[in-house]
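Peer 1: Data file data20.cif (mmCIF, C-alpha atoms) is appended below.
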```cif
data_start
loop_
_atom_site.label_atom_id
_atom_site.label_comp_id
_atom_site.auth_asym_id
_atom_site.auth_seq_id
_atom_site.Cartn_x
_atom_site.Cartn_y
_atom_site.Cartn_z
CA ARG A 1 1.17 -30.07 -74.14
CA LEU A 2 0.92 -32.25 -71.07
CA GLY A 3 3.33 -32.95 -68.23
CA TYR A 4 4.69 -36.49 -68.04
CA ARG A 5 3.09 -37.28 -64.65
CA GLU A 6 -0.26 -35.87 -65.78
CA ALA A 7 -0.16 -38.07 -68.88
CA TYR A 8 0.80 -41.07 -66.75
CA ASP A 9 -2.13 -40.47 -64.39
CA LEU A 10 -4.49 -40.14 -67.36
CA GLN A 11 -3.20 -43.42 -68.79
CA CYS A 12 -3.74 -45.18 -65.46
CA ALA A 13 -7.33 -43.92 -65.31
CA HIS A 14 -7.99 -45.20 -68.84
CA VAL A 15 -6.39 -48.57 -68.01
CA GLU A 16 -8.84 -48.93 -65.13
CA GLU A 17 -11.74 -47.95 -67.40
CA VAL A 18 -10.78 -50.52 -70.06
CA LEU A 19 -10.32 -53.21 -67.40
CA ALA A 20 -13.67 -52.40 -65.77
CA SER A 21 -15.38 -52.66 -69.18
CA ARG A 22 -13.84 -56.08 -69.77
CA LEU A 23 -14.77 -57.33 -66.29
CA ALA A 24 -18.35 -56.10 -66.82
CA GLY A 25 -18.58 -58.18 -70.00
CA ARG A 26 -18.49 -55.13 -72.28
CA PRO A 27 -14.90 -55.15 -73.58
CA GLN A 28 -13.83 -52.11 -75.53
CA PRO A 29 -10.75 -51.72 -77.74
CA GLY A 30 -9.45 -48.79 -75.66
CA PHE A 31 -8.03 -45.31 -76.15
CA VAL A 32 -5.04 -43.63 -77.74
CA LEU A 33 -3.69 -40.46 -76.13
CA PHE A 34 -1.58 -38.17 -78.32
CA VAL A 35 0.54 -35.69 -76.40
CA GLU A 36 3.58 -33.49 -76.55
CA HIS A 37 5.58 -33.25 -73.33
CA ASP A 38 7.64 -30.57 -71.70
CA PRO A 39 11.31 -31.66 -71.74
CA VAL A 40 11.74 -34.82 -69.68
CA ILE A 41 14.04 -37.82 -69.59
CA THR A 42 12.32 -41.04 -68.56
CA LEU A 43 14.03 -44.06 -67.06
CA SER A 44 12.39 -47.46 -67.41
CA ARG A 45 12.12 -50.04 -64.67
CA ARG A 46 15.21 -51.79 -66.09
CA ALA A 47 17.98 -51.65 -63.47
CA SER A 48 20.65 -50.66 -66.00
CA ALA A 49 18.66 -47.73 -67.44
CA SER A 50 20.27 -45.22 -65.07
CA ASP A 51 23.69 -46.27 -66.42
CA HIS A 52 22.68 -44.60 -69.68
CA LEU A 53 22.05 -41.20 -68.10
CA LEU A 54 25.08 -39.07 -69.00
CA ALA A 55 24.20 -35.90 -67.08
CA SER A 56 23.58 -35.09 -63.45
CA GLU A 57 20.12 -34.09 -62.30
CA ALA A 58 21.52 -30.60 -61.67
CA ASP A 59 22.74 -30.37 -65.28
CA LEU A 60 19.36 -31.54 -66.53
CA ARG A 61 17.56 -28.97 -64.38
CA ALA A 62 19.89 -26.25 -65.72
CA ASP A 63 18.79 -27.26 -69.24
CA GLY A 64 15.12 -27.26 -68.20
CA ILE A 65 14.78 -31.04 -68.43
CA ALA A 66 12.96 -33.06 -65.77
CA LEU A 67 13.86 -36.64 -64.83
CA GLU A 68 11.15 -39.25 -64.24
CA HIS A 69 11.33 -42.90 -63.24
CA THR A 70 8.57 -44.90 -64.86
CA ASP A 71 7.19 -48.43 -65.03
CA ARG A 72 7.44 -49.00 -68.78
CA GLY A 73 9.74 -51.38 -70.56
CA GLY A 74 12.65 -50.25 -72.67
CA ASP A 75 15.50 -48.21 -71.25
CA ILE A 76 15.98 -44.43 -71.23
CA THR A 77 14.58 -41.79 -73.56
CA TYR A 78 13.94 -38.10 -73.97
CA HIS A 79 10.50 -36.55 -74.54
CA GLY A 80 9.95 -32.93 -75.42
CA PRO A 81 8.51 -30.29 -77.72
CA GLY A 82 8.33 -31.32 -81.36
CA GLN A 83 7.83 -34.98 -80.50
CA LEU A 84 4.56 -36.81 -81.06
CA VAL A 85 4.01 -39.21 -78.18
CA ALA A 86 1.25 -41.81 -78.52
CA TYR A 87 -0.03 -43.75 -75.54
CA PRO A 88 -2.30 -46.58 -76.71
CA ILE A 89 -4.36 -47.94 -73.82
CA LEU A 90 -5.65 -51.07 -75.50
CA ASP A 91 -7.25 -54.31 -74.40
CA LEU A 92 -4.78 -56.62 -76.10
CA GLU A 93 -6.79 -59.65 -75.04
CA HIS A 94 -9.93 -58.30 -76.72
CA LEU A 95 -7.91 -57.32 -79.81
CA ARG A 96 -6.14 -60.72 -79.78
CA PHE A 97 -2.63 -59.29 -79.77
CA ARG A 98 0.35 -61.09 -78.30
CA LEU A 99 2.96 -58.67 -76.97
CA HIS A 100 5.45 -59.30 -79.78
CA ASP A 101 2.75 -58.78 -82.41
CA TYR A 102 1.60 -55.60 -80.67
CA MET A 103 5.11 -54.13 -80.77
CA ARG A 104 5.45 -54.97 -84.49
CA PHE A 105 2.01 -53.38 -85.04
CA LEU A 106 3.19 -50.13 -83.41
CA GLU A 107 6.29 -50.14 -85.61
CA THR A 108 4.13 -50.69 -88.70
CA VAL A 109 1.90 -47.74 -87.81
CA VAL A 110 4.93 -45.44 -87.53
CA ILE A 111 6.49 -46.79 -90.73
CA ARG A 112 3.24 -46.00 -92.56
CA VAL A 113 3.15 -42.48 -91.10
CA CYS A 114 6.71 -41.93 -92.30
CA ASP A 115 5.78 -43.36 -95.72
CA ALA A 116 3.23 -40.54 -96.01
CA TRP A 117 6.19 -38.13 -95.72
CA ASP A 118 8.15 -40.13 -98.36
CA LEU A 119 10.64 -41.16 -95.70
CA GLU A 120 12.16 -44.61 -96.02
CA THR A 121 12.18 -46.24 -92.59
CA ARG A 122 12.79 -49.74 -91.31
CA ARG A 123 12.68 -52.06 -88.34
CA ASP A 124 15.84 -53.35 -86.69
CA PRO A 125 15.48 -57.00 -85.68
CA CYS A 126 17.77 -56.38 -82.70
CA ALA A 127 16.24 -53.13 -81.40
CA THR A 128 12.55 -52.23 -81.13
CA GLY A 129 11.57 -48.96 -82.77
CA VAL A 130 11.67 -47.35 -86.18
CA TRP A 131 14.88 -46.39 -87.92
CA VAL A 132 16.12 -44.23 -90.80
CA GLY A 133 19.33 -45.98 -91.73
CA ASP A 134 21.13 -46.40 -88.39
CA ALA A 135 19.37 -43.47 -86.71
CA LYS A 136 16.30 -44.02 -84.54
CA ILE A 137 13.34 -41.81 -85.38
CA CYS A 138 10.83 -43.48 -83.06
CA ALA A 139 11.41 -45.01 -79.63
CA MET A 140 9.00 -47.46 -78.03
CA GLY A 141 8.42 -48.73 -74.53
CA VAL A 142 5.26 -50.25 -73.13
CA ARG A 143 3.80 -51.82 -70.05
CA VAL A 144 1.11 -54.48 -70.17
CA ARG A 145 -0.92 -55.30 -67.07
CA ARG A 146 -3.74 -57.83 -67.26
CA TRP A 147 -3.34 -57.62 -71.05
CA ILE A 148 -4.03 -53.89 -71.16
CA SER A 149 -1.28 -51.76 -72.65
CA MET A 150 -0.02 -48.36 -71.60
CA HIS A 151 2.94 -46.15 -72.46
CA GLY A 152 3.78 -46.43 -76.15
CA LEU A 153 5.90 -44.58 -78.69
CA ALA A 154 7.64 -41.28 -79.33
CA LEU A 155 8.11 -40.06 -82.91
CA ASN A 156 10.66 -37.28 -83.39
CA VAL A 157 9.04 -34.70 -85.67
CA THR A 158 10.74 -31.34 -85.01
CA THR A 159 12.41 -32.44 -81.78
CA ASP A 160 15.56 -30.63 -80.62
CA LEU A 161 17.87 -33.62 -81.00
CA ASP A 162 20.57 -31.89 -78.95
CA HIS A 163 18.70 -32.92 -75.79
CA PHE A 164 19.58 -36.55 -76.51
CA ARG A 165 23.20 -35.72 -75.65
CA HIS A 166 22.27 -36.27 -71.99
CA ILE A 167 21.55 -39.97 -72.53
CA VAL A 168 22.49 -43.09 -74.43
CA PRO A 169 19.14 -43.26 -76.26
CA CYS A 170 17.35 -46.52 -75.51
CA GLY A 171 20.62 -47.78 -74.03
CA LEU A 172 22.00 -48.37 -77.54
CA HIS A 173 25.65 -47.31 -77.58
CA GLY A 174 26.93 -45.98 -80.90
CA ARG A 175 23.46 -45.33 -82.35
CA THR A 176 22.06 -41.90 -83.12
CA VAL A 177 18.62 -40.32 -83.31
CA THR A 178 16.94 -38.35 -86.06
CA SER A 179 13.67 -36.54 -86.77
CA LEU A 180 11.27 -36.01 -89.64
CA GLN A 181 12.53 -32.43 -89.85
CA LYS A 182 16.18 -33.50 -90.11
CA GLU A 183 15.46 -36.08 -92.78
#
```
How would this structure read if it were set down as structure tokens?

Peer 2:
Amino acid sequence: RLGYREAYDLQCAHVEEVLASRLAGRPQPGFVLFVEHDPVITLSRRASASDHLLASEADLRADGIALEHTDRGGDITYHGPGQLVAYPILDLEHLRFRLHDYMRFLETVVIRVCDAWDLETRRDPCATGVWVGDAKICAMGVRVRRWISMHGLALNVTTDLDHFRHIVPCGLHGRTVTSLQKE
């Protein structure tokens, strides 16, 4: 388990390493960090993300949930125990990914993981992520700087879904979340 800020700092260090390799003429594909976080709600750089926070910071603290502002895309999400978080730090230029294709690639990876558990999942053309019916099982939010990705995806495995009551997940009103365990 790794704190959110610690994971962020580790991602930044790997971004610099991947960039330095490219600039030295020795591009490398990159790294993927797999972590589980202590309970934390993260707000993206989107101005409206804080509108989707339904609890005060005091209420979050009382529930043992931290609040972090971050520089990824997307909106607002919860990370915590029982959730597999993957942070691909990839040289998208070297791998010849456009951003849209990269996001669809991440969705495909999660769909294949869920297939291994005989869980029927899908994409939603209007909302990035992976879905079981109308419930989101995997949230995604990335940042790309100089064509190197960071941040990534969060797959709910045995996540306590009650913690999502503090937010409008991904800013999507009327949508719910689920987990592998629940399904």

Peer 1: With only C-alpha atoms as the atoms that count, which of A:Val132, A:Leu172, A:Leu23, A:Ala139 lies nearest to Thr42 in chain A?

Peer 2: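 Among A:Val132, A:Leu172, A:Leu23, A:Ala139, it is A:Ala139 that comes nearest to Thr42 in chain A.
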
Peer 1: What separation in Å, quoted to one decimal, exists between CA of Leu95 in chain A and CA of Gln11 in chain A?

Peer 2: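 That distance, rounded to one decimal, is 18.4 Å.
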
Peer 1: Pick out the closest residue to Pro29 in chain A from this set: A:Val142, A:Ala135, A:Leu161, A:Ile89. Count only C-alpha atoms.

Peer 2: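 Smallest distance to Pro29 in chain A is found for A:Ile89.
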
Peer 1: Output the residue selection produced by the PyMOL selection byres ((chain A and resi 113) around 12) on the file above, formatted as a list in words.

Peer 2: Leu84, Leu106, Glu107, Thr108, Val109, Val110, Ile111, Arg112, Cys114, Asp115, Ala116, Trp117, Asp118, Leu119, Glu120, Thr121, Val130, Ile137, Cys138, Leu155, Asn156, Val157 and Leu180 of chain A

Peer 1: To one decimal place, how far is CA of Met140 in chain A from CA of Leu19 in chain A in Å?

Peer 2: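 The value is 22.8 Å.
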
Peer 1: So which one's closest to Tyr102 in chain A, A:Lys136, A:Arg46, A:Arg143, A:Arg122? Using all atoms listed in the file, please.

Peer 2: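 The answer is A:Arg143, which sits nearest to Tyr102 in chain A.
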
Peer 1: Can you work out which one of A:Leu99, A:Val85, A:Ala7, A:Leu90 has the shortest atom-to-atom distance to Thr159 in chain A, counting all atoms listed in the file?

Peer 2: A:Val85

Peer 1: Please determine an axis-aligned box that encloses all atoms of range 118-137 of chain A listed in the file, with 8 Å added on each side, and express its centre and edge lengths in Å to one decimal as JSON.

Peer 2:
```
{"center_x": 14.6, "center_y": -48.6, "center_z": -89.7, "size_x": 29.0, "size_y": 32.9, "size_z": 33.2}
```

Peer 1: Compile the contact shell of His100 in chain A as a PyMOL selection string: residues with an atom at most 12 Å away, counting all atoms listed in the file, same-chain residues fewer than 3 positions apart removed.

Peer 2: chain A and resi 92+96-97+103-107+125+128+142+144

Peer 1: Written as a compact mmCIF listing (two decimals) with C-alpha atoms, in the coordinates of the input, which residues does the PyMOL selection byres ((chain A and resi 31) around 6) give for the file shown?

Peer 2:
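expr36.txt was written with the following content:
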```txt
# COMPACT_ATOMS: atom_id res chain seq x y z
CA GLY A 30 -9.45 -48.79 -75.66
CA VAL A 32 -5.04 -43.63 -77.74
CA PRO A 88 -2.30 -46.58 -76.71
CA ILE A 89 -4.36 -47.94 -73.82
```

Peer 1: Pick from A:Asp38, A:Arg165, A:Leu33, A:His173: nearest to Gly64 in chain A, with only C-alpha atoms counted?

Peer 2: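 That would be A:Asp38, the residue with the smallest distance to Gly64 in chain A.
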
Peer 1: Using all atoms listed in the file, pick whichever of A:Gly82, A:Tyr4, A:Ala20, A:Arg61 has the shortest atom-to-atom distance to Thr158 in chain A.

Peer 2: A:Gly82

Peer 1: Could you check how far CA of Ala13 in chain A sits from CA of Ile41 in chain A, in Å to one decimal?

Peer 2: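 For CA of Ala13 in chain A relative to CA of Ile41 in chain A, the distance reads 22.6 Å.
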
Peer 1: With the file shown as input, list the residues that the PyMOL selection byres ((chain A and resi 66) around 6) selects, as a count of residues only.

Peer 2: 3
